[in-house]
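Data first, discussion second: the structure below is written as structure tokens.
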Amino acid sequence: MDWNTFFEPIALSIQISIAASIAVFFIALAASWRMARARFAGKSLVETLLLLPLVLPPTVVGLILLVLLGRRSWIGQAYEALFGGPIIFTWGAAAIAAVVVAFPLAYRAMKTGFESVDGDLEDSARAMGATEWQVFRYISVPLAGRALTSAYILGFCRGLGEFGATLMIAGNIPGKTQTIPTAIYVAADGGGMTMAWAWSGAILLLSFLMLLLSNRVVREPD
């Protein structure tokens, strides 16, 4: 077994998952806190749109991202003008794909956590002169902490296993955009079952450890 070939997709997948999960955490944190507290017309429609990537086929998500970020789009053209190259078929494109598919999972877990926070505690803090930022930082986030931690871990695992959208906008370039799922697909398709099973074992181990950590966080007693 070529160990360099084996570890390249693993290292890249972990790198992409860390970057994507951090972005997902802060985006979902802001969206879930606002949606858990807000009351407005059309809230159900907005929430449906936020959760839509959770049920869409990843290839459809990838196609939409390809259109939005491609060289013919204004986003793609602006990125190319700033950085001298297209965003698609890059490490960044793989991270964006992971962010989009992982967001709904993290958002839903965080929103459940914020909804479980006693609103009377938040109202009491406001009555004592606390600003919304202080209520969020010192009451809402600490009390929903386990849900937020679990959401981060679930988002990391979802990004780690992303395949369809990644393949659509980042491709499968060894050493550049080849993640564990795409490496498994190519290896199995080419008859390299030893490498396919080795990568499958690696992603199974990583996912198992992250989910085990998530369960321990959720079930840990006060």
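In the structure tokens, each chain is lettered A, B, ... as it comes, each chain's residues begin at 1, and ligands are numbered from 1 in order of appearance.
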
Using only C-alpha atoms, which protein or nucleic acid residues come within 9 Å of segment 34-44 of chain A? Drop anything in the same chain fewer than 4 positions from it, and give the result as a PDB file with all heavy atoms, in the first residue's frame.
```pdb
ATOM      1  N   LEU A  29     -25.376  29.063  14.136  1.00  0.00           N
ATOM      2  CA  LEU A  29     -25.576  29.675  15.460  1.00  0.00           C
ATOM      3  C   LEU A  29     -26.417  30.944  15.333  1.00  0.00           C
ATOM      4  O   LEU A  29     -27.403  31.134  16.066  1.00  0.00           O
ATOM      5  CB  LEU A  29     -24.224  29.995  16.094  1.00  0.00           C
ATOM      6  CG  LEU A  29     -24.238  30.595  17.504  1.00  0.00           C
ATOM      7  CD1 LEU A  29     -24.737  29.572  18.508  1.00  0.00           C
ATOM      8  CD2 LEU A  29     -22.838  31.083  17.891  1.00  0.00           C
ATOM      9  N   ALA A  30     -26.041  31.801  14.407  1.00  0.00           N
ATOM     10  CA  ALA A  30     -26.779  33.057  14.217  1.00  0.00           C
ATOM     11  C   ALA A  30     -28.195  32.795  13.711  1.00  0.00           C
ATOM     12  O   ALA A  30     -29.168  33.373  14.217  1.00  0.00           O
ATOM     13  CB  ALA A  30     -26.019  33.955  13.231  1.00  0.00           C
ATOM     14  N   THR A  48     -38.174  26.360   5.892  1.00  0.00           N
ATOM     15  CA  THR A  48     -38.170  25.305   4.876  1.00  0.00           C
ATOM     16  C   THR A  48     -37.001  25.476   3.916  1.00  0.00           C
ATOM     17  O   THR A  48     -36.328  24.503   3.551  1.00  0.00           O
ATOM     18  CB  THR A  48     -39.495  25.322   4.086  1.00  0.00           C
ATOM     19  OG1 THR A  48     -40.585  25.093   4.983  1.00  0.00           O
ATOM     20  CG2 THR A  48     -39.503  24.239   3.009  1.00  0.00           C
ATOM     21  N   LEU A  49     -36.732  26.720   3.523  1.00  0.00           N
ATOM     22  CA  LEU A  49     -35.612  26.988   2.630  1.00  0.00           C
ATOM     23  C   LEU A  49     -34.277  26.666   3.307  1.00  0.00           C
ATOM     24  O   LEU A  49     -33.367  26.121   2.670  1.00  0.00           O
ATOM     25  CB  LEU A  49     -35.633  28.449   2.189  1.00  0.00           C
ATOM     26  CG  LEU A  49     -36.774  28.858   1.249  1.00  0.00           C
ATOM     27  CD1 LEU A  49     -36.767  30.365   1.025  1.00  0.00           C
ATOM     28  CD2 LEU A  49     -36.655  28.123  -0.086  1.00  0.00           C
ATOM     29  N   LYS A 111     -31.213  24.916  16.878  1.00  0.00           N
ATOM     30  CA  LYS A 111     -32.521  25.536  17.101  1.00  0.00           C
ATOM     31  C   LYS A 111     -33.276  24.799  18.208  1.00  0.00           C
ATOM     32  O   LYS A 111     -33.915  25.418  19.064  1.00  0.00           O
ATOM     33  CB  LYS A 111     -33.332  25.541  15.811  1.00  0.00           C
ATOM     34  CG  LYS A 111     -34.688  26.246  15.932  1.00  0.00           C
ATOM     35  CD  LYS A 111     -35.295  26.434  14.565  1.00  0.00           C
ATOM     36  CE  LYS A 111     -36.685  27.082  14.664  1.00  0.00           C
ATOM     37  NZ  LYS A 111     -37.697  26.112  15.085  1.00  0.00           N
ATOM     38  N   THR A 112     -33.190  23.477  18.205  1.00  0.00           N
ATOM     39  CA  THR A 112     -33.808  22.693  19.271  1.00  0.00           C
ATOM     40  C   THR A 112     -33.207  23.055  20.622  1.00  0.00           C
ATOM     41  O   THR A 112     -33.921  23.169  21.624  1.00  0.00           O
ATOM     42  CB  THR A 112     -33.619  21.190  19.003  1.00  0.00           C
ATOM     43  OG1 THR A 112     -34.234  20.850  17.752  1.00  0.00           O
ATOM     44  CG2 THR A 112     -34.247  20.349  20.102  1.00  0.00           C
ATOM     45  N   PHE A 114     -31.771  25.981  21.501  1.00  0.00           N
ATOM     46  CA  PHE A 114     -32.198  27.315  21.908  1.00  0.00           C
ATOM     47  C   PHE A 114     -33.661  27.330  22.348  1.00  0.00           C
ATOM     48  O   PHE A 114     -34.036  28.077  23.249  1.00  0.00           O
ATOM     49  CB  PHE A 114     -31.977  28.314  20.772  1.00  0.00           C
ATOM     50  CG  PHE A 114     -30.554  28.754  20.606  1.00  0.00           C
ATOM     51  CD1 PHE A 114     -29.925  28.671  19.363  1.00  0.00           C
ATOM     52  CD2 PHE A 114     -29.830  29.237  21.680  1.00  0.00           C
ATOM     53  CE1 PHE A 114     -28.604  29.074  19.206  1.00  0.00           C
ATOM     54  CE2 PHE A 114     -28.510  29.645  21.536  1.00  0.00           C
ATOM     55  CZ  PHE A 114     -27.898  29.557  20.297  1.00  0.00           C
ATOM     56  N   GLU A 115     -34.483  26.514  21.695  1.00  0.00           N
ATOM     57  CA  GLU A 115     -35.897  26.462  22.067  1.00  0.00           C
ATOM     58  C   GLU A 115     -36.099  25.835  23.439  1.00  0.00           C
ATOM     59  O   GLU A 115     -37.139  26.049  24.079  1.00  0.00           O
ATOM     60  CB  GLU A 115     -36.685  25.689  21.009  1.00  0.00           C
ATOM     61  CG  GLU A 115     -36.864  26.459  19.712  1.00  0.00           C
ATOM     62  CD  GLU A 115     -37.530  25.646  18.624  1.00  0.00           C
ATOM     63  OE1 GLU A 115     -37.530  24.396  18.718  1.00  0.00           O
ATOM     64  OE2 GLU A 115     -38.047  26.244  17.659  1.00  0.00           O
TER      65      GLU A 115
END
```

Distance query Gly155 of chain A at most 9 Å, only C-alpha atoms, self and fewer than 2 positions along chain excluded, as a ChimeraX atom specification: /A:17,20-22,24-25,98-99,101-106,150-153,157-160

Give me, as a PyMOL selection string, all polymer residues having an atom no more than 12 Å from Leu65 of chain A, counting only C-alpha atoms and skipping those fewer than 3 positions away in the same chain. chain A and resi 53+58-62+68-71+73+75-76+87-89+93-101+164-170

Could you write out, as JSON, numbers by chain, all the residues of segment 19-135 of chain A that DSSP marks as helix (DSSP H, G or I)? {"A": [19, 20, 21, 22, 23, 24, 25, 26, 27, 28, 29, 30, 31, 32, 33, 34, 35, 36, 37, 43, 44, 45, 46, 47, 48, 49, 50, 51, 52, 53, 54, 55, 58, 59, 60, 61, 62, 63, 64, 65, 66, 67, 68, 69, 74, 75, 76, 77, 78, 79, 80, 81, 82, 83, 91, 92, 93, 94, 95, 96, 97, 98, 99, 100, 101, 102, 103, 104, 105, 106, 107, 108, 109, 110, 111, 112, 113, 114, 115, 119, 120, 121, 122, 123, 124, 125, 126, 127, 132, 133, 134, 135]}

Can you tell me which residues surround Ser200 of chain A at a distance of at most 7 Å, considering only C-alpha atoms, apart from same-chain residues fewer than 4 positions away, and format the answer as a PDB file with N, CA and C atoms, in the first residue's frame?
```pdb
ATOM      1  N   ILE A 184     -12.799   6.610  -2.377  1.00  0.00           N
ATOM      2  CA  ILE A 184     -13.413   5.286  -2.267  1.00  0.00           C
ATOM      3  C   ILE A 184     -14.137   4.930  -3.562  1.00  0.00           C
ATOM      4  N   ALA A 196     -10.006   0.850  -1.299  1.00  0.00           N
ATOM      5  CA  ALA A 196     -11.383   1.263  -1.016  1.00  0.00           C
ATOM      6  C   ALA A 196     -11.792   0.859   0.401  1.00  0.00           C
ATOM      7  N   LEU A 204     -15.028   5.328   8.642  1.00  0.00           N
ATOM      8  CA  LEU A 204     -15.870   4.712   9.666  1.00  0.00           C
ATOM      9  C   LEU A 204     -15.319   5.014  11.066  1.00  0.00           C
TER      10      LEU A 204
END
```

Neighbour list for Gln134 of chain A as a PDB file with N, CA and C atoms, in the first residue's frame, cut-off 10 Å, only C-alpha atoms, skip fewer than 6 positions in-chain:
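The result, written out as out_26.pdb:
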```pdb
ATOM      1  N   GLU A 122     -34.247  34.522  30.137  1.00  0.00           N
ATOM      2  CA  GLU A 122     -33.797  35.555  29.210  1.00  0.00           C
ATOM      3  C   GLU A 122     -34.540  36.868  29.454  1.00  0.00           C
ATOM      4  N   ALA A 125     -33.222  38.629  32.513  1.00  0.00           N
ATOM      5  CA  ALA A 125     -31.960  39.319  32.248  1.00  0.00           C
ATOM      6  C   ALA A 125     -32.202  40.640  31.525  1.00  0.00           C
ATOM      7  N   ARG A 126     -33.135  40.629  30.587  1.00  0.00           N
ATOM      8  CA  ARG A 126     -33.453  41.873  29.871  1.00  0.00           C
ATOM      9  C   ARG A 126     -34.054  42.905  30.822  1.00  0.00           C
ATOM     10  N   SER A 140     -28.272  32.302  26.846  1.00  0.00           N
ATOM     11  CA  SER A 140     -28.742  31.398  25.793  1.00  0.00           C
ATOM     12  C   SER A 140     -27.683  30.376  25.389  1.00  0.00           C
TER      13      SER A 140
END
```

For segment 142-144 of chain A: contacts at 7 Å, only C-alpha atoms, fewer than 4 positions along chain excluded, given as a ChimeraX atom specification: /A:113-114,117,138,148

Take the residues just selected and output them with C-alpha atoms as a CSV table (one decimal), in the first residue's frame.
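selection-v8.csv, written as the output of this step:
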```csv
chain,number,residue,atom,x,y,z
A,113,GLY,CA,-31.2,23.6,21.9
A,114,PHE,CA,-32.2,27.3,21.9
A,117,VAL,CA,-33.8,27.5,27.0
A,138,TYR,CA,-24.3,34.7,29.1
A,148,LEU,CA,-24.4,23.5,20.2
```
